[in-house]
Every structure is written in C-alpha cells, then in structure tokens.
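Text of the file input_33.cif, holding mmCIF, C-alpha atoms:
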data_entry
loop_
_atom_site.label_atom_id
_atom_site.label_comp_id
_atom_site.auth_asym_id
_atom_site.auth_seq_id
_atom_site.Cartn_x
_atom_site.Cartn_y
_atom_site.Cartn_z
CA MET A 4 -14.96 -16.75 21.77
CA THR A 5 -18.09 -16.91 19.67
CA HIS A 6 -18.75 -18.65 16.41
CA SER A 7 -19.39 -15.30 14.74
CA SER A 8 -16.01 -13.87 15.73
CA THR A 9 -14.14 -16.87 14.29
CA SER A 10 -16.03 -16.64 10.99
CA ASP A 11 -15.45 -12.87 10.89
CA VAL A 12 -11.72 -13.45 11.40
CA LEU A 13 -11.66 -15.91 8.50
CA PHE A 14 -13.79 -13.62 6.32
CA LEU A 15 -11.54 -10.62 6.88
CA LEU A 16 -8.36 -12.67 6.62
CA LEU A 17 -9.44 -13.96 3.19
CA GLY A 18 -10.09 -10.36 2.14
CA ALA A 19 -6.67 -9.27 3.40
CA VAL A 20 -4.93 -12.10 1.54
CA MET A 21 -6.82 -11.28 -1.68
CA ILE A 22 -5.73 -7.65 -1.46
CA LEU A 23 -2.19 -8.73 -0.56
CA ALA A 24 -2.26 -10.67 -3.85
CA MET A 25 -3.33 -7.47 -5.64
CA HIS A 26 0.13 -6.09 -4.89
CA ALA A 27 1.49 -8.71 -7.30
CA GLY A 28 -0.97 -7.20 -9.79
CA PHE A 29 0.41 -3.71 -9.20
CA ALA A 30 3.93 -5.10 -9.69
CA PHE A 31 3.21 -6.91 -12.97
CA LEU A 32 1.11 -4.08 -14.37
CA GLU A 33 4.07 -1.76 -13.83
CA LEU A 34 6.65 -4.30 -15.01
CA GLY A 35 4.75 -4.83 -18.26
CA THR A 36 4.28 -1.11 -18.88
CA VAL A 37 7.83 0.18 -18.27
CA ARG A 38 10.79 -0.45 -20.56
CA LYS A 39 12.88 -3.64 -20.18
CA LYS A 40 15.66 -1.84 -18.31
CA ASN A 41 13.28 -0.93 -15.46
CA GLN A 42 11.41 -4.20 -14.94
CA VAL A 43 13.36 -5.44 -11.91
CA ASN A 44 12.94 -2.08 -10.20
CA ALA A 45 9.15 -2.30 -10.54
CA LEU A 46 9.09 -5.65 -8.73
CA VAL A 47 11.54 -4.66 -6.00
CA LYS A 48 9.82 -1.32 -5.35
CA ILE A 49 6.33 -2.80 -4.81
CA LEU A 50 7.57 -5.43 -2.36
CA THR A 51 9.85 -3.05 -0.44
CA ASP A 52 7.12 -0.41 -0.27
CA PHE A 53 4.71 -3.00 1.14
CA ALA A 54 7.18 -3.87 3.90
CA VAL A 55 7.83 -0.21 4.72
CA SER A 56 4.07 0.44 4.71
CA ALA A 57 3.52 -2.38 7.21
CA ILE A 58 6.03 -0.86 9.64
CA ALA A 59 4.67 2.68 9.21
CA TYR A 60 1.04 1.57 9.59
CA PHE A 61 1.66 -0.80 12.52
CA PHE A 62 3.59 1.71 14.62
CA ILE A 63 2.02 5.02 13.51
CA GLY A 64 -0.66 5.07 10.80
CA TYR A 65 -3.22 2.69 12.29
CA GLY A 66 -3.10 4.67 15.52
CA VAL A 67 -3.54 7.95 13.63
CA ALA A 68 -6.61 6.61 11.82
CA TYR A 69 -8.30 4.52 14.52
CA GLY A 70 -6.55 5.27 17.81
CA VAL A 71 -5.60 1.59 18.14
CA HIS A 72 -2.10 0.53 19.21
CA PHE A 73 -0.54 -2.91 19.73
CA PHE A 74 1.52 -2.32 22.87
CA GLN A 75 -0.27 -4.89 25.02
CA PRO A 76 0.19 -8.59 25.79
CA ALA A 77 -0.42 -11.15 23.05
CA SER A 78 -3.28 -12.65 25.06
CA ALA A 79 -5.09 -9.30 24.99
CA LEU A 80 -4.41 -8.83 21.29
CA ASN A 81 -5.90 -12.25 20.57
CA ALA A 82 -9.32 -11.34 22.01
CA GLU A 83 -12.22 -12.40 19.74
CA SER A 84 -9.85 -14.84 18.00
CA GLY A 85 -7.64 -11.89 17.03
CA TYR A 86 -10.30 -10.06 15.03
CA GLY A 87 -8.65 -6.74 15.85
CA LEU A 88 -5.37 -8.02 14.40
CA VAL A 89 -6.82 -9.24 11.09
CA LYS A 90 -8.72 -5.96 10.82
CA PHE A 91 -5.34 -4.23 11.00
CA PHE A 92 -3.96 -6.60 8.33
CA PHE A 93 -6.96 -5.95 6.08
CA LEU A 94 -6.69 -2.16 6.42
CA LEU A 95 -2.90 -2.32 5.99
CA THR A 96 -3.35 -3.86 2.53
CA PHE A 97 -5.46 -0.80 1.64
CA ALA A 98 -2.88 1.61 3.07
CA ALA A 99 -0.05 -0.10 1.20
CA ALA A 100 -1.96 0.43 -2.05
CA ILE A 101 -1.03 4.13 -1.76
CA PRO A 102 2.70 3.69 -2.57
CA ALA A 103 1.85 0.90 -5.04
CA ILE A 104 -0.35 3.37 -6.93
CA VAL A 105 2.26 6.16 -6.78
CA SER A 106 4.98 3.75 -7.94
CA GLY A 107 3.48 3.49 -11.42
CA GLY A 108 3.50 7.26 -11.94
CA ILE A 109 7.12 7.82 -10.94
CA ALA A 110 8.49 4.72 -12.70
CA GLU A 111 11.81 4.63 -14.60
CA ARG A 112 13.41 7.71 -13.01
CA ALA A 113 12.88 7.78 -9.23
CA LYS A 114 15.55 7.02 -6.66
CA PHE A 115 14.90 3.91 -4.60
CA HIS A 116 15.44 4.79 -0.91
CA PRO A 117 13.91 8.30 -1.04
CA GLN A 118 10.76 6.60 -2.38
CA SER A 119 10.80 4.29 0.67
CA ALA A 120 11.03 7.38 2.88
CA ALA A 121 8.07 8.89 1.04
CA THR A 122 6.13 5.65 1.56
CA PHE A 123 6.81 5.78 5.30
CA LEU A 124 5.55 9.38 5.59
CA LEU A 125 2.51 8.82 3.35
CA VAL A 126 1.34 5.61 5.05
CA GLY A 127 2.27 6.80 8.54
CA PHE A 128 0.67 10.26 8.38
CA VAL A 129 -0.98 11.52 5.16
CA TYR A 130 -3.23 8.57 4.25
CA PRO A 131 -4.40 7.74 7.81
CA PHE A 132 -5.22 11.41 8.42
CA PHE A 133 -7.93 11.25 5.74
CA GLU A 134 -8.82 7.64 6.52
CA GLY A 135 -9.61 8.68 10.09
CA ILE A 136 -11.87 11.49 8.86
CA ALA A 137 -13.79 9.32 6.38
CA TRP A 138 -13.92 5.97 8.19
CA ASN A 139 -13.54 6.84 11.88
CA ASN A 140 -15.39 10.18 12.18
CA HIS A 141 -12.33 12.22 13.17
CA TYR A 142 -12.72 15.96 13.81
CA GLY A 143 -16.51 15.59 13.57
CA VAL A 144 -16.48 16.10 9.78
CA GLN A 145 -18.95 13.26 9.15
CA ASP A 146 -21.26 14.54 11.92
CA TRP A 147 -21.20 17.98 10.35
CA LEU A 148 -22.01 16.60 6.87
CA THR A 149 -24.86 14.52 8.32
CA HIS A 150 -26.23 17.55 10.15
CA ALA A 151 -25.90 19.88 7.15
CA PHE A 152 -26.85 17.59 4.25
CA GLY A 153 -28.69 14.69 5.85
CA GLN A 154 -26.07 11.99 5.17
CA PRO A 155 -22.35 11.48 5.89
CA PHE A 156 -19.74 11.06 3.18
CA HIS A 157 -20.12 7.47 1.94
CA ASP A 158 -17.10 5.52 0.66
CA PHE A 159 -17.77 1.82 1.09
CA ALA A 160 -14.49 0.44 -0.25
CA GLY A 161 -12.25 3.41 -0.87
CA SER A 162 -12.82 5.06 -4.28
CA VAL A 163 -11.79 8.29 -2.58
CA VAL A 164 -10.02 7.16 0.62
CA VAL A 165 -7.62 4.85 -1.24
CA HIS A 166 -7.75 5.55 -4.97
CA ALA A 167 -8.36 9.28 -5.28
CA VAL A 168 -5.94 10.01 -2.42
CA GLY A 169 -3.31 7.71 -3.97
CA GLY A 170 -3.81 9.09 -7.47
CA TRP A 171 -3.53 12.72 -6.41
CA ILE A 172 -0.44 11.92 -4.33
CA GLY A 173 0.89 10.33 -7.53
CA LEU A 174 0.24 13.51 -9.51
CA ALA A 175 2.10 15.56 -6.89
CA ALA A 176 5.02 13.10 -7.05
CA VAL A 177 5.16 13.17 -10.87
CA LEU A 178 5.07 16.98 -10.94
CA ASN A 179 7.96 17.13 -8.45
CA LEU A 180 9.93 14.53 -10.39
CA GLY A 181 9.54 15.82 -13.94
CA ALA A 182 9.28 13.82 -17.17
CA ARG A 183 11.58 10.97 -18.17
CA ARG A 184 14.58 12.20 -20.17
CA GLY A 185 13.95 12.26 -23.89
CA ARG A 186 10.19 11.85 -23.47
CA TYR A 187 9.34 15.37 -24.68
CA SER A 188 11.70 17.27 -26.96
CA LYS A 189 12.13 21.06 -27.00
CA GLU A 190 10.55 21.08 -30.47
CA GLY A 191 7.38 19.60 -28.99
CA ARG A 192 7.90 16.06 -30.26
CA ILE A 193 6.89 13.13 -28.06
CA ALA A 194 9.00 9.98 -27.89
CA ALA A 195 6.78 6.95 -27.40
CA HIS A 196 7.96 4.46 -24.78
CA PRO A 197 5.88 1.40 -25.65
CA PRO A 198 5.18 -1.24 -22.98
CA SER A 199 7.91 -3.86 -22.61
CA SER A 200 5.57 -6.79 -22.07
CA ILE A 201 1.86 -6.88 -22.88
CA PRO A 202 1.56 -10.41 -21.39
CA PHE A 203 2.90 -9.22 -18.02
CA LEU A 204 0.78 -6.06 -18.18
CA ALA A 205 -2.29 -8.24 -18.81
CA LEU A 206 -1.33 -10.63 -16.00
CA GLY A 207 -1.06 -7.69 -13.61
CA ALA A 208 -4.47 -6.42 -14.67
CA TRP A 209 -6.08 -9.83 -14.16
CA ILE A 210 -4.53 -10.30 -10.72
CA LEU A 211 -5.90 -6.88 -9.74
CA ILE A 212 -9.36 -7.68 -11.16
CA VAL A 213 -9.63 -10.92 -9.18
CA GLY A 214 -8.26 -9.44 -5.95
CA TRP A 215 -10.63 -6.49 -6.24
CA PHE A 216 -13.54 -8.71 -5.23
CA GLY A 217 -11.80 -9.06 -1.88
CA PHE A 218 -11.17 -5.33 -1.83
CA ASN A 219 -14.86 -4.51 -2.32
CA VAL A 220 -16.85 -7.43 -0.89
CA MET A 221 -14.75 -7.87 2.26
CA SER A 222 -15.03 -4.15 3.02
CA ALA A 223 -18.17 -5.22 4.90
CA GLN A 224 -15.60 -6.39 7.53
CA LYS A 225 -18.13 -8.78 9.11
CA LEU A 226 -19.58 -11.93 7.61
CA GLU A 227 -23.16 -10.88 8.34
CA GLY A 228 -22.56 -7.71 6.33
CA ILE A 229 -21.65 -9.63 3.15
CA SER A 230 -23.51 -8.40 0.08
CA GLY A 231 -23.92 -10.07 -3.28
CA LEU A 232 -24.87 -6.63 -4.60
CA VAL A 233 -21.32 -5.40 -3.99
CA ALA A 234 -19.92 -8.36 -5.94
CA ILE A 235 -22.21 -7.94 -8.95
CA ASN A 236 -21.80 -4.15 -9.01
CA SER A 237 -18.03 -4.65 -9.05
CA LEU A 238 -18.44 -7.10 -11.92
CA MET A 239 -20.67 -4.78 -13.96
CA ALA A 240 -18.42 -1.76 -13.45
CA MET A 241 -15.40 -3.79 -14.51
CA VAL A 242 -17.19 -4.92 -17.68
CA GLY A 243 -18.37 -1.39 -18.49
CA GLY A 244 -14.87 0.01 -18.07
CA THR A 245 -13.38 -2.68 -20.28
CA LEU A 246 -15.77 -2.09 -23.18
CA THR A 247 -15.55 1.72 -23.32
CA ALA A 248 -11.75 1.58 -23.03
CA MET A 249 -11.64 -0.99 -25.84
CA TRP A 250 -13.86 1.18 -28.03
CA LEU A 251 -12.30 4.60 -27.31
CA GLY A 252 -8.80 3.14 -27.06
CA LYS A 253 -9.15 1.68 -30.58
CA ASN A 254 -8.26 -1.88 -29.47
CA ASP A 255 -5.06 -0.78 -27.72
CA PRO A 256 -4.18 -3.59 -25.24
CA GLY A 257 -2.85 -1.13 -22.66
CA PHE A 258 -6.18 0.69 -22.59
CA ILE A 259 -8.21 -2.52 -22.69
CA HIS A 260 -6.43 -3.84 -19.59
CA ASN A 261 -6.66 -0.56 -17.68
CA GLY A 262 -10.37 -0.12 -18.53
CA PRO A 263 -11.60 -2.76 -16.07
CA LEU A 264 -9.39 -1.23 -13.38
CA ALA A 265 -10.89 2.22 -14.05
CA GLY A 266 -14.39 0.78 -13.64
CA LEU A 267 -13.43 -1.02 -10.42
CA VAL A 268 -11.81 2.11 -8.96
CA ALA A 269 -15.00 4.08 -9.63
CA VAL A 270 -17.43 1.53 -8.20
CA CYS A 271 -15.70 1.06 -4.81
CA ALA A 272 -17.47 3.95 -3.09
CA GLY A 273 -21.05 3.13 -4.00
CA SER A 274 -20.82 -0.61 -4.67
CA ASP A 275 -23.13 -1.32 -1.72
CA LEU A 276 -25.77 1.19 -2.91
CA MET A 277 -26.02 1.14 -6.70
CA HIS A 278 -28.19 -0.91 -9.00
CA PRO A 279 -26.06 -3.21 -11.23
CA ALA A 280 -27.22 -1.26 -14.31
CA GLY A 281 -26.04 1.93 -12.58
CA ALA A 282 -22.70 0.30 -11.78
CA LEU A 283 -22.35 -0.62 -15.47
CA VAL A 284 -22.81 3.05 -16.43
CA VAL A 285 -20.41 4.24 -13.70
CA GLY A 286 -17.76 1.79 -14.92
CA ALA A 287 -18.32 2.69 -18.57
CA ILE A 288 -17.86 6.39 -17.82
CA ALA A 289 -14.70 5.60 -15.84
CA GLY A 290 -13.22 3.63 -18.74
CA ALA A 291 -13.89 6.53 -21.09
CA LEU A 292 -12.50 9.03 -18.58
CA PHE A 293 -9.28 7.04 -18.28
CA VAL A 294 -8.63 6.80 -22.03
CA GLN A 295 -9.36 10.48 -22.69
CA LEU A 296 -7.47 11.86 -19.70
CA PHE A 297 -4.50 9.54 -20.07
CA THR A 298 -4.10 10.78 -23.65
CA LEU A 299 -4.51 14.43 -22.64
CA THR A 300 -2.10 14.14 -19.69
CA GLN A 301 0.65 12.54 -21.75
CA ASN A 302 0.28 14.36 -25.06
CA ARG A 303 -1.32 17.74 -24.45
CA TRP A 304 -0.19 18.64 -20.94
CA LYS A 305 3.08 16.68 -21.17
CA ILE A 306 2.82 15.26 -17.67
CA ASP A 307 4.84 12.04 -17.74
CA ASP A 308 2.69 9.83 -15.51
CA VAL A 309 3.97 6.50 -16.81
CA LEU A 310 1.06 4.19 -15.92
CA GLY A 311 -1.55 6.94 -15.89
CA VAL A 312 -2.12 6.61 -12.14
CA TRP A 313 -3.60 10.10 -11.86
CA PRO A 314 -6.34 9.51 -14.47
CA LEU A 315 -6.89 5.90 -13.32
CA HIS A 316 -6.92 6.31 -9.55
CA GLY A 317 -7.08 10.08 -9.02
CA LEU A 318 -9.83 10.96 -11.49
CA CYS A 319 -11.78 7.69 -11.65
CA GLY A 320 -11.63 7.58 -7.83
CA ALA A 321 -13.04 11.09 -7.61
CA TRP A 322 -15.71 10.16 -10.16
CA GLY A 323 -16.53 7.15 -7.97
CA GLY A 324 -17.06 9.34 -4.91
CA ILE A 325 -19.44 11.58 -6.85
CA ALA A 326 -21.10 8.64 -8.67
CA ALA A 327 -22.06 7.10 -5.33
CA GLY A 328 -24.07 10.26 -4.62
CA LEU A 329 -25.80 10.05 -8.01
CA PHE A 330 -26.35 6.37 -8.71
CA GLY A 331 -27.02 5.63 -5.05
CA GLN A 332 -30.23 7.67 -5.30
CA PRO A 333 -33.54 5.72 -5.35
CA TRP A 334 -34.67 7.40 -8.60
CA LEU A 335 -31.65 5.83 -10.33
CA GLY A 336 -32.37 2.42 -8.80
CA GLY A 337 -30.02 2.90 -5.85
CA ALA A 338 -30.60 2.10 -2.18
CA GLY A 339 -30.64 5.75 -1.06
CA HIS A 340 -29.27 7.18 2.21
CA VAL A 341 -26.59 9.14 0.39
CA SER A 342 -26.18 12.87 -0.25
CA LEU A 343 -24.63 14.21 -3.45
CA VAL A 344 -23.38 17.32 -1.63
CA SER A 345 -21.69 15.23 1.07
CA GLN A 346 -20.10 13.10 -1.66
CA LEU A 347 -18.77 16.20 -3.43
CA ILE A 348 -17.33 17.68 -0.23
CA GLY A 349 -15.79 14.38 0.88
CA THR A 350 -14.28 13.80 -2.55
CA LEU A 351 -12.78 17.31 -2.67
CA GLY A 352 -11.42 16.74 0.84
CA GLY A 353 -9.67 13.57 -0.30
CA ILE A 354 -8.18 15.35 -3.31
CA ALA A 355 -6.93 18.20 -1.11
CA VAL A 356 -5.32 15.87 1.45
CA GLY A 357 -3.80 13.65 -1.26
CA PHE A 358 -2.40 16.38 -3.46
CA GLY A 359 -1.39 18.69 -0.61
CA GLY A 360 0.14 15.95 1.53
CA GLY A 361 1.84 14.35 -1.48
CA TYR A 362 3.27 17.66 -2.64
CA LEU A 363 4.62 18.35 0.84
CA VAL A 364 6.25 14.92 1.21
CA TYR A 365 7.84 14.82 -2.26
CA GLY A 366 8.78 18.51 -2.12
CA LEU A 367 10.63 18.00 1.18
CA LEU A 368 12.43 14.91 -0.09
CA LYS A 369 13.32 16.62 -3.36
CA ARG A 370 14.95 19.50 -1.49
CA SER A 371 16.66 17.37 1.16
CA VAL A 372 17.93 14.16 -0.47
CA GLY A 373 16.78 14.36 -4.09
CA ILE A 374 14.22 12.00 -5.60
CA ARG A 375 15.53 11.54 -9.11
CA LEU A 376 18.15 9.28 -10.68
CA SER A 377 21.04 10.96 -12.47
CA GLU A 378 20.90 11.25 -16.24
CA GLU A 379 23.38 8.40 -16.63
CA GLU A 380 21.55 6.15 -14.15
CA GLU A 381 18.27 6.75 -15.89
CA PHE A 382 19.82 6.05 -19.29
CA ASN A 383 21.29 2.76 -18.05
CA GLY A 384 17.97 1.89 -16.42
CA ALA A 385 16.94 1.60 -12.79
CA ASP A 386 17.61 -2.16 -12.85
CA LEU A 387 21.37 -1.90 -13.42
CA SER A 388 21.77 1.45 -11.64
CA ILE A 389 20.00 0.43 -8.41
CA HIS A 390 19.90 -3.37 -8.34
CA GLN A 391 22.95 -4.25 -10.49
CA ILE A 392 20.99 -6.82 -12.49
CA THR A 393 18.40 -6.79 -15.26
CA ALA A 394 15.31 -8.91 -15.77
CA THR A 395 17.10 -11.12 -18.32
CA PRO A 396 20.76 -11.10 -17.20
CA GLU A 397 21.99 -13.93 -19.47
CA ARG A 398 22.00 -11.50 -22.40
CA GLU A 399 24.68 -9.34 -20.81
CA SER A 400 27.26 -11.95 -19.90
CA ASN A 401 30.02 -13.12 -22.21
CA TRP A 402 29.10 -16.78 -21.87
#

Before anything else, please render the file you have as structure tokens.
Amino acid sequence: MTHSSTSDVLFLLLGAVMILAMHAGFAFLELGTVRKKNQVNALVKILTDFAVSAIAYFFIGYGVAYGVHFFQPASALNAESGYGLVKFFFLLTFAAAIPAIVSGGIAERAKFHPQSAATFLLVGFVYPFFEGIAWNNHYGVQDWLTHAFGQPFHDFAGSVVVHAVGGWIGLAAVLNLGARRGRYSKEGRIAAHPPSSIPFLALGAWILIVGWFGFNVMSAQKLEGISGLVAINSLMAMVGGTLTAMWLGKNDPGFIHNGPLAGLVAVCAGSDLMHPAGALVVGAIAGALFVQLFTLTQNRWKIDDVLGVWPLHGLCGAWGGIAAGLFGQPWLGGAGHVSLVSQLIGTLGGIAVGFGGGYLVYGLLKRSVGIRLSEEEEFNGADLSIHQITATPERESNW
C-alpha cells in the first residue's frame, strides 16, 4: 500500500460523496419545479432510482463499461486501499445521474415502478454501452478517431457521456409519455403550471452547483491529475450561464437557477483544456441555448418536458462536446490536442445511443406494462396516488 494510493482513494471518495450530494440537488430542483401534489414523488423517485442504479451498475453496468466485476474475495477487492472500489462508487454516481436527469422530464405523470425498471435497463445496458466506447476504448472507436482525425473524442467529465446521453434519453421518454393532461388544449392554448416552490428549486440548483466541482475536478481520478484549471473553468462557465439566462429569461427565477447548470453541463467535456475566458463564453452560450430552447420546446413544439431536461442536458451537453473541440484549440487559448471532427462524431454518437436506447427502453415498457398514470391518478397527483401522502399532510386531515 503506497501513500499515493491512499490519497487517491480519499480524493476519489470525496468526489463520489460530492456527486452523491448532487442527487439531493436533482431532487429539490424537481420538487420545487413540479406542482405541490407531486413533490413527494420527486423525492422518492430520485432516491429509489439511485438505489436501483447502484444494483444495476454493480452487477451489470460497470462490467459492460469497464469489464470489471466484484466476484472475488474482499481481500482482493481491497487492493491499493480499495481504490478500485471507490472508482466504482465515483462512476456509479455519474451513472445514477441518468435516471435523475430523466426524472425531471417525465415528472407529474409517470408510473413509479415502470420508471424503476427503465432505470435498471438504462444504467445496466444503455449508458455503460456508450461509457465503454468513450472512456474505455470499446470497439476501437477511439483508435479509429485518433487514426482518422489525429485525436480521440475528448469528454473529460461527461458533457456528452452523462448529460447529452441523459438528456436525449429524457426526450425519448417524454415523447413516449405524452404531455401532462390539460397542459395543451385542442384550441392551441397552453396552461401554465408554475413552480410550486422557488426556494426549493433554488436550493436544488445550489446543491448541484457546489457538487459539480466534485463532478468536474475529481474526474481526474488521481490526486496527481488535479487541475485548478478545471475548477476555474467550471466557475466561469457557471457564471456565464447564470448571466445570459438572467438577461434572456427576463429575471425569471426558474431560468436564473437553471442558467448556471446549463453552463456547467457544457463545460464538463473541455474543462481541462479551455482558457477560463473561453469557458465563460461556452457557459454564456449554454445559458442562452437553454432559455431559447426551453421556451421553444414547451410553447412552439408542445413537448411537455417539465424541467427542460432535453434543452439543459441534451442540448447543452451536445454543445459542450462540440465546444471542447473549438475552445480547446490553441488559437482560442486552449491547451490543444483535440479534434473538432472527433468531437462532432463522438457527440452525435452519444445522441444516437441516448435517444435510440431511451426510445427502445420506454417504448418496450409502454407496450408491456404502461408508463403513465391514469387520468384520475394524475389529477389527484402522484403523491396521493402512489405514496398515499402529500408533502404537507396536516392540511388534509380533519384535526
């Protein structure tokens, strides 16, 4: 056991715990955005999905992505102070972000246990399939890109692997599910469903912002790989996203609190390559992209993606994959060693796997067990229909 392995274990464990805390952020962001009658469901869904993800990733997904399994004695697993185990924990928190992302899109109308089944399939098979290609050189895709375009597809902390894949799975889920009842009328009117709690929405955003520094910085996975550049680029992108979302969103608190998240999603891929000024621009563009596309999705295209997970994660994640190939270039102040063509191909690959895999999973579940609450259940709210209690039960009793 060396000193370096013990510090690496601590380094990665801290990252894993920070990202584990981000799941509370996902929960509160969703809780604050949905209507009061669906708040409990948001909390329960995120925690249950995390647990299901852990089982799926431990027994199947991690092996699919990295060829590592845990069927050996504890003494063997604890080699290098258990570095291999905390690496699994760290990467599990990334994998579990997939259902947490999807959850926000399908809120207020999805059945509970079919969503758990979807989580198992997505984290066990769909996500690790692409993760293995991008981060473990499966099927020689990265070798081919390097040979053809000089550099492999670069995604330092998962703009594409986690966010774009999760966001495009979310779009597939929302399209299979359909809009919330009463959201769009036959006459073309749109019923607004305002957020139930801006304080909780803001709390969720802040928890995500703080945890994101673990998400990005600890993606080095070894203490000697730590980079202050990653931290400051994450900061600048977050700031850029906040300001453009505030400006284009006309001071709307929902936009202002999703803006920093849009910037952080976009900076993940190239956070180890970009100049901080470049990261500021990348984040600013992401914030603008989120506001414009969220509005278009909801109002023009009438796709009822409740939290805007497709614009936030799907589109800003894809932008991040491409931005790494632009702002990573030396002539834009970047560190170089990145190919725009490889970034485009890798990003399109992530979109294809996410949307295709997501459509397959939700399509199968829709046809076999159904994925949507009944009209009555949806009207009463997922809290009472699924969990038999609301977020503030004292109002309902006859005390």

Practice problem: Find the residues around Ala338 of chain A up to 10 Å (only C-alpha atoms counted), leave out those fewer than 6 positions away in its own chain, and share them as an MDAnalysis selection string. | Solution: chainID A and resid 273 275:278 330:332

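For the residues A:Glu397, A:Asp386, A:Glu378, A:Asp308, ranking by smallest atom-to-atom distance to Arg184 of chain A using all atoms listed in the file places A:Glu378 first.
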
Report as CSV: every residue of segment 119-165 of chain A with an atom at most 8 Å from segment 43-60 of chain A, its closest pair of atoms, and their distance in Å to one decimal, counting only C-alpha atoms, with rows sorted by chain and ascending residue number.
residue,atom,partner,partner_atom,distance
A:Ser119,CA,A:Asp52,CA,6.0
A:Thr122,CA,A:Asp52,CA,6.4
A:Phe123,CA,A:Ala59,CA,5.4
A:Leu124,CA,A:Ala59,CA,7.7
A:Val126,CA,A:Ser56,CA,5.9
A:Gly127,CA,A:Ala59,CA,4.8

Quiz prompt | Hits from the PyMOL selection byres ((chain A and resi 292-303) around 8), listed as a list of chain:residue names | solution =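 In the shown coordinates, the PyMOL selection byres ((chain A and resi 292-303) around 8) covers A:Ile193, A:Ala248, A:Leu251, A:Gly252, A:Phe258, A:Gly262, A:Ala265, A:Ile288, A:Ala289, A:Gly290, A:Ala291, A:Trp304, A:Lys305, A:Ile306, A:Asp307, A:Asp308, A:Gly311, A:Pro314, A:Leu315, A:Leu318, A:Cys319.
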
Quiz item: What does the distance between atom CA of Gly35 of chain A and atom CA of Pro198 of chain A come to in Å, to one decimal place?
Solution: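 Result for atom CA of Gly35 of chain A versus atom CA of Pro198 of chain A: 5.9 Å, one decimal.
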
Exercise. Would you kindly return, as number ranges by chain, each protein, DNA or RNA residue with an atom no farther than 12 Å from any atom of Thr149 of chain A, considering only C-alpha atoms and excluding same-chain residues fewer than 4 positions away?
Key: A: 140, 143-145, 153-157, 340-346, 348-349

Practice problem: To verify the selection step, state as number ranges by chain which residues the PyMOL selection byres ((chain A and resi 217-226) around 7) yields on this input. | Solution: A: 10-11, 14-15, 18, 21-22, 159-160, 214-216, 227-230, 233-234, 271

Exercise. Evaluate the PyMOL selection byres ((chain A and resi 260) around 10) here and jot the selected residues down as an NGL selection string.
Key: :A and (32 or 201 or 204-209 or 212 or 244-245 or 248-249 or 255-259 or 261-265)

Quiz item: atom CA of Glu380 of chain A to atom CA of Ala99 of chain A: how many Å, to one decimal?
Solution: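 So the two atoms, atom CA of Glu380 of chain A and atom CA of Ala99 of chain A, lie 27.2 Å apart.
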
Quiz item: By how many Å are atom CA of Pro197 of chain A and atom CA of Arg183 of chain A apart?
Solution: 13.4 Å

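Distance check against Val372 of chain A using only C-alpha atoms: of A:Pro117, A:Gly173, A:Gly337, A:Gly357, the minimum falls on A:Pro117.
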
Self-check item: Using all atoms listed in the file: which of A:Met25, A:Ala240, A:Val20, A:Leu125 has the shortest distance to Gly169 of chain A
Solution: A:Leu125

Quiz item: Neighbours of Gln118 of chain A within 9 Å (all atoms listed in the file; same-chain residues fewer than 2 positions away dropped), as a count of residues only?
Solution: 15

Quiz prompt | Counting only C-alpha atoms, the residue of A:Asp146, A:Glu111, A:Glu134, A:Glu190 that sits nearest Val177 of chain A | solution = A:Glu111

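With all atoms listed in the file as the atoms that count, the minimum distance from Ser8 of chain A to the choices A:Gly231, A:Gly181, A:Gly64, A:Gly87 is reached by A:Gly87.
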
Exercise. Using only C-alpha atoms, find the one residue out of A:Gly185, A:Gly108, A:Leu232, A:Trp250 that sits nearest to Glu381 of chain A.
Key: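 That would be A:Gly185, the residue with the smallest distance to Glu381 of chain A.
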
Missing atoms of segment 342-353 of chain A rebuilt to N, CA and C atoms, written as a tab-separated table (two decimals), in the frame of the given file:
chain	number	residue	atom	x	y	z
A	342	SER	N	-25.98	11.48	0.15
A	342	SER	CA	-26.18	12.87	-0.25
A	342	SER	C	-25.13	13.27	-1.27
A	343	LEU	N	-25.58	13.80	-2.41
A	343	LEU	CA	-24.63	14.21	-3.45
A	343	LEU	C	-23.69	15.31	-2.95
A	344	VAL	N	-24.22	16.22	-2.15
A	344	VAL	CA	-23.38	17.32	-1.63
A	344	VAL	C	-22.29	16.77	-0.70
A	345	SER	N	-22.69	15.86	0.19
A	345	SER	CA	-21.69	15.23	1.07
A	345	SER	C	-20.64	14.49	0.27
A	346	GLN	N	-21.06	13.83	-0.81
A	346	GLN	CA	-20.10	13.10	-1.66
A	346	GLN	C	-19.12	14.05	-2.32
A	347	LEU	N	-19.64	15.20	-2.80
A	347	LEU	CA	-18.77	16.20	-3.43
A	347	LEU	C	-17.75	16.75	-2.44
A	348	ILE	N	-18.23	17.09	-1.24
A	348	ILE	CA	-17.33	17.68	-0.23
A	348	ILE	C	-16.28	16.66	0.21
A	349	GLY	N	-16.73	15.42	0.46
A	349	GLY	CA	-15.79	14.38	0.88
A	349	GLY	C	-14.74	14.09	-0.18
A	350	THR	N	-15.19	14.07	-1.44
A	350	THR	CA	-14.28	13.80	-2.55
A	350	THR	C	-13.25	14.92	-2.68
A	351	LEU	N	-13.71	16.18	-2.60
A	351	LEU	CA	-12.78	17.31	-2.67
A	351	LEU	C	-11.81	17.29	-1.49
A	352	GLY	N	-12.30	16.86	-0.33
A	352	GLY	CA	-11.42	16.74	0.84
A	352	GLY	C	-10.31	15.73	0.59
A	353	GLY	N	-10.67	14.59	0.00
A	353	GLY	CA	-9.67	13.57	-0.30
A	353	GLY	C	-8.63	14.06	-1.29
